[in-house]
Each structure stands twice: as C-alpha cells, then as structure tokens.
>>> print(open('structure.pdb').read())   # PDB, C-alpha atoms, pLDDT in the B column
MODEL        1
ATOM      1  CA  MET A1437      56.041 -30.443  43.731  1.00 62.00           C
ATOM      2  CA  THR A1438      52.295 -31.083  43.737  1.00 67.00           C
ATOM      3  CA  THR A1439      50.042 -28.185  42.900  1.00 87.00           C
ATOM      4  CA  LEU A1440      48.362 -28.111  46.321  1.00 88.00           C
ATOM      5  CA  LYS A1441      51.688 -28.200  48.145  1.00 91.00           C
ATOM      6  CA  SER A1442      53.100 -25.424  45.956  1.00 93.00           C
ATOM      7  CA  LYS A1443      49.956 -23.357  46.612  1.00 93.00           C
ATOM      8  CA  LEU A1444      50.549 -23.791  50.359  1.00 94.00           C
ATOM      9  CA  HIS A1445      54.165 -22.631  49.919  1.00 94.00           C
ATOM     10  CA  ASP A1446      53.086 -19.603  47.864  1.00 95.00           C
ATOM     11  CA  ASP A1447      50.407 -18.691  50.412  1.00 94.00           C
ATOM     12  CA  LEU A1448      52.950 -19.061  53.218  1.00 94.00           C
ATOM     13  CA  ASN A1449      55.321 -16.645  51.483  1.00 95.00           C
ATOM     14  CA  THR A1450      52.471 -14.163  50.986  1.00 95.00           C
ATOM     15  CA  ALA A1451      51.411 -14.490  54.641  1.00 94.00           C
ATOM     16  CA  ILE A1452      54.976 -13.867  55.811  1.00 95.00           C
ATOM     17  CA  LYS A1453      55.280 -10.773  53.604  1.00 96.00           C
ATOM     18  CA  GLU A1454      51.948  -9.472  54.930  1.00 95.00           C
ATOM     19  CA  ARG A1455      53.054 -10.259  58.509  1.00 96.00           C
ATOM     20  CA  ASP A1456      49.952 -12.427  59.019  1.00 94.00           C
ATOM     21  CA  GLU A1457      51.167 -14.408  62.046  1.00 95.00           C
ATOM     22  CA  LEU A1458      48.129 -16.697  62.365  1.00 94.00           C
ATOM     23  CA  ARG A1459      48.113 -17.708  58.698  1.00 95.00           C
ATOM     24  CA  SER A1460      51.887 -18.133  58.440  1.00 95.00           C
ATOM     25  CA  SER A1461      52.155 -20.274  61.592  1.00 95.00           C
ATOM     26  CA  THR A1462      49.209 -22.442  60.521  1.00 95.00           C
ATOM     27  CA  LEU A1463      50.670 -22.985  57.048  1.00 95.00           C
ATOM     28  CA  ARG A1464      54.115 -23.706  58.513  1.00 96.00           C
ATOM     29  CA  LEU A1465      52.661 -26.398  60.788  1.00 95.00           C
ATOM     30  CA  THR A1466      50.710 -27.902  57.900  1.00 94.00           C
ATOM     31  CA  LEU A1467      53.742 -27.959  55.602  1.00 94.00           C
ATOM     32  CA  ALA A1468      55.751 -29.559  58.406  1.00 95.00           C
ATOM     33  CA  ALA A1469      53.091 -32.280  58.722  1.00 94.00           C
ATOM     34  CA  ILE A1470      53.245 -32.823  54.943  1.00 94.00           C
ATOM     35  CA  THR A1471      57.053 -33.101  55.045  1.00 94.00           C
ATOM     36  CA  LYS A1472      56.833 -35.518  57.975  1.00 94.00           C
ATOM     37  CA  GLU A1473      54.448 -37.669  55.945  1.00 92.00           C
ATOM     38  CA  GLU A1474      56.804 -37.544  52.947  1.00 92.00           C
ATOM     39  CA  VAL A1475      59.809 -38.803  54.915  1.00 92.00           C
ATOM     40  CA  ALA A1476      57.893 -41.432  56.893  1.00 89.00           C
ATOM     41  CA  GLY A1477      58.675 -44.993  55.915  1.00 83.00           C
ATOM     42  CA  LYS A1478      61.762 -46.471  54.324  1.00 88.00           C
ATOM     43  CA  GLU A1479      62.396 -43.792  51.686  1.00 88.00           C
ATOM     44  CA  LYS A1480      61.416 -40.190  50.981  1.00 89.00           C
ATOM     45  CA  ARG A1481      58.648 -39.693  48.449  1.00 90.00           C
ATOM     46  CA  GLU A1482      56.591 -36.874  46.967  1.00 90.00           C
ATOM     47  CA  LEU A1483      52.953 -36.810  48.112  1.00 88.00           C
ATOM     48  CA  SER A1484      50.189 -36.560  45.516  1.00 88.00           C
ATOM     49  CA  ASP A1485      47.540 -33.853  45.798  1.00 86.00           C
ATOM     50  CA  ASP A1486      45.119 -36.414  47.284  1.00 84.00           C
ATOM     51  CA  GLU A1487      47.635 -37.368  49.956  1.00 88.00           C
ATOM     52  CA  VAL A1488      48.373 -33.703  50.717  1.00 90.00           C
ATOM     53  CA  LEU A1489      44.614 -33.142  51.027  1.00 87.00           C
ATOM     54  CA  LYS A1490      44.381 -36.019  53.541  1.00 87.00           C
ATOM     55  CA  VAL A1491      47.115 -34.369  55.640  1.00 90.00           C
ATOM     56  CA  ILE A1492      45.231 -31.043  55.549  1.00 90.00           C
ATOM     57  CA  VAL A1493      41.991 -32.803  56.563  1.00 87.00           C
ATOM     58  CA  ARG A1494      43.826 -34.449  59.467  1.00 90.00           C
ATOM     59  CA  GLU A1495      45.338 -31.117  60.562  1.00 92.00           C
ATOM     60  CA  ALA A1496      41.931 -29.381  60.364  1.00 90.00           C
ATOM     61  CA  LYS A1497      40.403 -32.161  62.482  1.00 89.00           C
ATOM     62  CA  LYS A1498      43.155 -31.692  65.086  1.00 93.00           C
ATOM     63  CA  ARG A1499      42.307 -27.976  65.267  1.00 94.00           C
ATOM     64  CA  ARG A1500      38.583 -28.696  65.713  1.00 91.00           C
ATOM     65  CA  GLU A1501      39.212 -31.209  68.486  1.00 93.00           C
ATOM     66  CA  ALA A1502      41.706 -28.919  70.224  1.00 95.00           C
ATOM     67  CA  ALA A1503      39.237 -26.016  70.084  1.00 94.00           C
ATOM     68  CA  GLU A1504      36.578 -28.172  71.757  1.00 94.00           C
ATOM     69  CA  ALA A1505      39.038 -29.337  74.422  1.00 95.00           C
ATOM     70  CA  PHE A1506      40.183 -25.785  75.176  1.00 94.00           C
ATOM     71  CA  ALA A1507      36.580 -24.549  75.347  1.00 93.00           C
ATOM     72  CA  GLN A1508      35.667 -27.313  77.804  1.00 94.00           C
ATOM     73  CA  GLY A1509      38.825 -26.618  79.795  1.00 93.00           C
ATOM     74  CA  GLY A1510      37.879 -22.969  80.291  1.00 93.00           C
ATOM     75  CA  ARG A1511      40.488 -21.504  77.928  1.00 94.00           C
ATOM     76  CA  PRO A1512      38.431 -19.478  75.439  1.00 93.00           C
ATOM     77  CA  GLU A1513      41.435 -17.575  73.975  1.00 95.00           C
ATOM     78  CA  ALA A1514      43.193 -20.825  73.025  1.00 94.00           C
ATOM     79  CA  ALA A1515      39.918 -22.221  71.668  1.00 93.00           C
ATOM     80  CA  GLU A1516      39.462 -19.146  69.462  1.00 95.00           C
ATOM     81  CA  ARG A1517      43.031 -19.493  68.153  1.00 95.00           C
ATOM     82  CA  GLU A1518      42.445 -23.145  67.225  1.00 94.00           C
ATOM     83  CA  LYS A1519      39.137 -22.266  65.510  1.00 94.00           C
ATOM     84  CA  ALA A1520      40.870 -19.514  63.523  1.00 94.00           C
ATOM     85  CA  GLU A1521      43.611 -21.946  62.441  1.00 94.00           C
ATOM     86  CA  GLY A1522      40.914 -24.417  61.403  1.00 91.00           C
ATOM     87  CA  GLU A1523      39.283 -21.725  59.259  1.00 92.00           C
ATOM     88  CA  VAL A1524      42.618 -21.032  57.541  1.00 93.00           C
ATOM     89  CA  LEU A1525      42.915 -24.732  56.675  1.00 92.00           C
ATOM     90  CA  ALA A1526      39.261 -24.942  55.592  1.00 88.00           C
ATOM     91  CA  ALA A1527      40.110 -22.682  52.649  1.00 89.00           C
ATOM     92  CA  TYR A1528      42.191 -25.536  51.199  1.00 89.00           C
ATOM     93  CA  LEU A1529      39.552 -28.229  51.670  1.00 85.00           C
ATOM     94  CA  PRO A1530      36.899 -29.104  49.097  1.00 82.00           C
ATOM     95  CA  LYS A1531      33.365 -27.825  49.690  1.00 83.00           C
ATOM     96  CA  GLN A1532      31.624 -29.973  52.307  1.00 82.00           C
ATOM     97  CA  LEU A1533      28.670 -32.120  51.239  1.00 82.00           C
ATOM     98  CA  SER A1534      25.190 -31.044  52.286  1.00 83.00           C
ATOM     99  CA  ASP A1535      23.032 -33.488  54.246  1.00 84.00           C
ATOM    100  CA  GLU A1536      20.944 -34.241  51.131  1.00 87.00           C
ATOM    101  CA  GLU A1537      24.022 -34.978  48.998  1.00 87.00           C
ATOM    102  CA  LEU A1538      25.515 -37.183  51.710  1.00 85.00           C
ATOM    103  CA  ASN A1539      22.232 -39.089  52.167  1.00 86.00           C
ATOM    104  CA  ALA A1540      22.025 -39.719  48.401  1.00 87.00           C
ATOM    105  CA  ILE A1541      25.602 -41.063  48.232  1.00 87.00           C
ATOM    106  CA  VAL A1542      25.033 -43.310  51.270  1.00 86.00           C
ATOM    107  CA  ALA A1543      21.703 -44.624  49.912  1.00 85.00           C
ATOM    108  CA  GLU A1544      23.368 -45.490  46.616  1.00 88.00           C
ATOM    109  CA  ALA A1545      26.231 -47.253  48.436  1.00 85.00           C
ATOM    110  CA  ILE A1546      23.755 -49.247  50.565  1.00 83.00           C
ATOM    111  CA  GLU A1547      22.022 -50.449  47.387  1.00 84.00           C
ATOM    112  CA  GLU A1548      25.388 -51.513  45.923  1.00 84.00           C
ATOM    113  CA  ALA A1549      26.337 -53.317  49.154  1.00 81.00           C
ATOM    114  CA  ARG A1550      22.982 -55.132  49.224  1.00 80.00           C
ATOM    115  CA  ALA A1551      23.459 -56.159  45.597  1.00 80.00           C
ATOM    116  CA  ALA A1552      26.829 -57.607  46.639  1.00 78.00           C
ATOM    117  CA  GLY A1553      25.144 -59.583  49.446  1.00 76.00           C
ATOM    118  CA  ALA A1554      25.693 -57.388  52.526  1.00 71.00           C
ATOM    119  CA  GLU A1555      22.597 -57.080  54.725  1.00 75.00           C
ATOM    120  CA  GLY A1556      21.496 -55.300  57.903  1.00 70.00           C
ATOM    121  CA  PRO A1557      23.707 -53.484  60.412  1.00 68.00           C
ATOM    122  CA  ARG A1558      26.622 -55.828  59.662  1.00 73.00           C
ATOM    123  CA  ALA A1559      26.860 -54.243  56.200  1.00 79.00           C
ATOM    124  CA  MET A1560      28.386 -51.101  57.769  1.00 81.00           C
ATOM    125  CA  GLY A1561      31.953 -51.972  56.753  1.00 81.00           C
ATOM    126  CA  ALA A1562      31.001 -52.770  53.169  1.00 82.00           C
ATOM    127  CA  VAL A1563      29.003 -49.559  52.835  1.00 83.00           C
ATOM    128  CA  MET A1564      31.782 -47.416  54.361  1.00 84.00           C
ATOM    129  CA  LYS A1565      34.271 -48.980  51.925  1.00 83.00           C
ATOM    130  CA  ILE A1566      32.057 -47.928  49.000  1.00 84.00           C
ATOM    131  CA  VAL A1567      31.293 -44.445  50.390  1.00 85.00           C
ATOM    132  CA  GLY A1568      34.898 -43.576  51.366  1.00 82.00           C
ATOM    133  CA  PRO A1569      36.352 -42.809  47.927  1.00 82.00           C
ATOM    134  CA  ARG A1570      33.194 -40.988  46.809  1.00 83.00           C
ATOM    135  CA  ILE A1571      33.271 -38.424  49.608  1.00 83.00           C
ATOM    136  CA  ALA A1572      37.096 -38.052  49.860  1.00 75.00           C
ATOM    137  CA  GLY A1573      37.490 -35.159  52.287  1.00 72.00           C
ATOM    138  CA  ARG A1574      34.079 -33.621  51.591  1.00 79.00           C
ATOM    139  CA  ALA A1575      32.485 -34.968  54.791  1.00 80.00           C
ATOM    140  CA  GLU A1576      33.855 -35.936  58.192  1.00 80.00           C
ATOM    141  CA  GLY A1577      34.085 -39.666  58.903  1.00 79.00           C
ATOM    142  CA  GLY A1578      31.983 -39.531  62.067  1.00 82.00           C
ATOM    143  CA  ARG A1579      29.204 -37.724  60.254  1.00 84.00           C
ATOM    144  CA  VAL A1580      29.256 -40.294  57.429  1.00 84.00           C
ATOM    145  CA  ALA A1581      29.255 -43.222  59.869  1.00 85.00           C
ATOM    146  CA  ALA A1582      26.252 -41.775  61.699  1.00 86.00           C
ATOM    147  CA  VAL A1583      24.275 -41.449  58.445  1.00 85.00           C
ATOM    148  CA  VAL A1584      25.219 -44.991  57.372  1.00 84.00           C
ATOM    149  CA  LYS A1585      24.165 -46.431  60.769  1.00 85.00           C
ATOM    150  CA  LYS A1586      20.872 -44.545  60.690  1.00 84.00           C
ATOM    151  CA  MET A1587      20.046 -45.676  57.156  1.00 83.00           C
ATOM    152  CA  LEU A1588      21.031 -49.306  57.794  1.00 79.00           C
ATOM    153  CA  ALA A1589      18.957 -49.414  61.011  1.00 76.00           C
ATOM    154  CA  GLY A1590      15.972 -47.626  59.542  1.00 69.00           C
TER     155      GLY A1590
ENDMDL
END
>>> encode(input="structure.pdb", output="structure tokens")
Amino acid sequence: MTTLKSKLHDDLNTAIKERDELRSSTLRLTLAAITKEEVAGKEKRELSDDEVLKVIVREAKKRREAAEAFAQGGRPEAAEREKAEGEVLAAYLPKQLSDEELNAIVAEAIEEARAAGAEGPRAMGAVMKIVGPRIAGRAEGGRVAAVVKKMLAG
C-alpha cells in the first residue's frame, strides 16, 4: 500500500475511534474514490502516491464546487459541510504555490516554449504541458491557465 493511502487509512481509524463524524465520512469517501480508481480499467492495480494525490485533488475540487453551488442555492448548512470536508482534504495536499512562485514557473515555461518555437496566444497548450508536471497539485488548473493567458497576452 502506498504511504499516502496508508496514512489515509490510519487517519480514518483514528477519526472513527475519536467519533469524528465529519473526518471519518470524508476519509471514507476519499478512500472509496481511490479504490474506484484502482479497479477502473481491465485489471486492478495499486495507485502510486502521485495518483492518490490526484484523486485527493479531484475530491477537494468537488467539495469546493459543491460548496459554491449550495451557497448559491440558498443552503448555507450544506455549503458549510462541503467547505469543512474540503478543509479535511486540504491537510493531505501539498502547500499551494503563492502568486509570485506561480508567475515565476509560468514565465520560465513560456521562455522554454518560445525556445521550442511556440509563439503568441497559440502557445498556451505548449506552455501548459511544460507547467503541468512542475506544479503537480500545488495550484488549481484554472488559476494556472489564467496566469498563462495573461502572460502570453501581455
């Protein structure tokens, strides 16, 4: 079992013993999503820590989007629950990049893309391909895309 997955299992057991309903239900749902990912496809496989991290990022994003939807729909209690679940998952995510760090990574990627022959706004795909592995879960995709667009346009 990967170290991140085993940490989730250990934390789930602790949460159950402490009768922490929010934490235990959030971790159960996350572990279920990980298991679903492991059995998807033709044969069962063990996910690496990076793949487990991608599942956690996806689950955290679902919680954020659900919280926004509930808040707009006039259901503040449900929105608060989703936010709290998102905070539980945030503890397992790497520290998010600051705006300065993100700008530096994107600027460097733009230089590399230009050196490879990509120019102007059409270079977006090439730049995102370079930036993707460097940020790996430390910044949301929409935020990265916005910075890339701004820097390519400006």
>>> resolve_selection(input="structure.pdb", expression="the PyMOL selection byres ((chain A and resi 1440) around 9)", output="ChimeraX atom specification")
/A:1437-1439,1441-1445,1484-1486,1488-1489,1528
>>> residues_around(input="structure.pdb", residues="A:Thr1462", least_positions_apart="4", cutoff="10 Å", atoms="all atoms listed in the file", output="PDB file with C-alpha atoms, in the frame of the given file")
ATOM      1  CA  LEU A1448      52.950 -19.061  53.218  1.00 94.00           C
ATOM      2  CA  GLU A1457      51.167 -14.408  62.046  1.00 95.00           C
ATOM      3  CA  LEU A1458      48.129 -16.697  62.365  1.00 94.00           C
ATOM      4  CA  THR A1466      50.710 -27.902  57.900  1.00 94.00           C
ATOM      5  CA  LEU A1467      53.742 -27.959  55.602  1.00 94.00           C
ATOM      6  CA  ALA A1468      55.751 -29.559  58.406  1.00 95.00           C
ATOM      7  CA  GLU A1495      45.338 -31.117  60.562  1.00 92.00           C
ATOM      8  CA  GLU A1518      42.445 -23.145  67.225  1.00 94.00           C
ATOM      9  CA  ALA A1520      40.870 -19.514  63.523  1.00 94.00           C
ATOM     10  CA  GLU A1521      43.611 -21.946  62.441  1.00 94.00           C
ATOM     11  CA  GLY A1522      40.914 -24.417  61.403  1.00 91.00           C
ATOM     12  CA  VAL A1524      42.618 -21.032  57.541  1.00 93.00           C
ATOM     13  CA  LEU A1525      42.915 -24.732  56.675  1.00 92.00           C
TER      14      LEU A1525
END
>>> residues_around(input="structure.pdb", residues="A:Ala1515", least_positions_apart="4", cutoff="12 Å", atoms="all atoms listed in the file", output="list in words")
Lys1498, Arg1499, Arg1500, Glu1501, Ala1502, Ala1503, Glu1504, Ala1505, Phe1506, Ala1507, Gln1508, Gly1509, Gly1510, Arg1511, Lys1519, Ala1520, Glu1521 and Gly1522 of chain A
>>> atom_distance(input="structure.pdb", atom1="atom CA of A:Gly1573", atom2="atom CA of A:Val1542")
14.9 Å
>>> atom_distance(input="structure.pdb", atom1="atom CA of A:Val1491", atom2="atom CA of A:Ile1470")
6.4 Å
>>> atom_distance(input="structure.pdb", atom1="atom CA of A:Pro1569", atom2="atom CA of A:Leu1463")
26.1 Å
>>> residues_around(input="structure.pdb", residues="stretch 1555-1559 of chain A", least_positions_apart="6", cutoff="12 Å", atoms="all atoms listed in the file", output="VMD selection string")
chain A and resid 1545 to 1549 1565 to 1566 1581 1584 to 1590
>>> residues_around(input="structure.pdb", residues="A:Gly1577", least_positions_apart="4", cutoff="12 Å", atoms="only C-alpha atoms", output="list in words")
Val1493, Arg1494, Lys1497, Gln1532, Leu1538, Met1564, Lys1565, Val1567, Gly1568, Pro1569, Ile1571, Ala1572, Gly1573, Ala1581, Ala1582, Val1583 and Val1584 of chain A
>>> resolve_selection(input="structure.pdb", expression="the PyMOL selection byres ((chain A and resi 1534) around 12)", output="mmCIF file with C-alpha atoms, in the frame of the given file")
data_model
loop_
_atom_site.group_PDB
_atom_site.id
_atom_site.type_symbol
_atom_site.label_atom_id
_atom_site.label_comp_id
_atom_site.auth_asym_id
_atom_site.auth_seq_id
_atom_site.Cartn_x
_atom_site.Cartn_y
_atom_site.Cartn_z
ATOM 1 C CA LYS A 1531 33.365 -27.825 49.690
ATOM 2 C CA GLN A 1532 31.624 -29.973 52.307
ATOM 3 C CA LEU A 1533 28.670 -32.120 51.239
ATOM 4 C CA ASP A 1535 23.032 -33.488 54.246
ATOM 5 C CA GLU A 1536 20.944 -34.241 51.131
ATOM 6 C CA GLU A 1537 24.022 -34.978 48.998
ATOM 7 C CA LEU A 1538 25.515 -37.183 51.710
ATOM 8 C CA ASN A 1539 22.232 -39.089 52.167
ATOM 9 C CA ALA A 1540 22.025 -39.719 48.401
ATOM 10 C CA ILE A 1541 25.602 -41.063 48.232
ATOM 11 C CA ILE A 1571 33.271 -38.424 49.608
ATOM 12 C CA ARG A 1574 34.079 -33.621 51.591
ATOM 13 C CA ALA A 1575 32.485 -34.968 54.791
ATOM 14 C CA GLU A 1576 33.855 -35.936 58.192
ATOM 15 C CA ARG A 1579 29.204 -37.724 60.254
ATOM 16 C CA VAL A 1580 29.256 -40.294 57.429
#
>>> closest_residue(input="structure.pdb", among="A:Ala1526, A:Ala1551, A:Ala1451, A:Ala1496", to="A:Val1563", atoms="all atoms listed in the file")
A:Ala1551
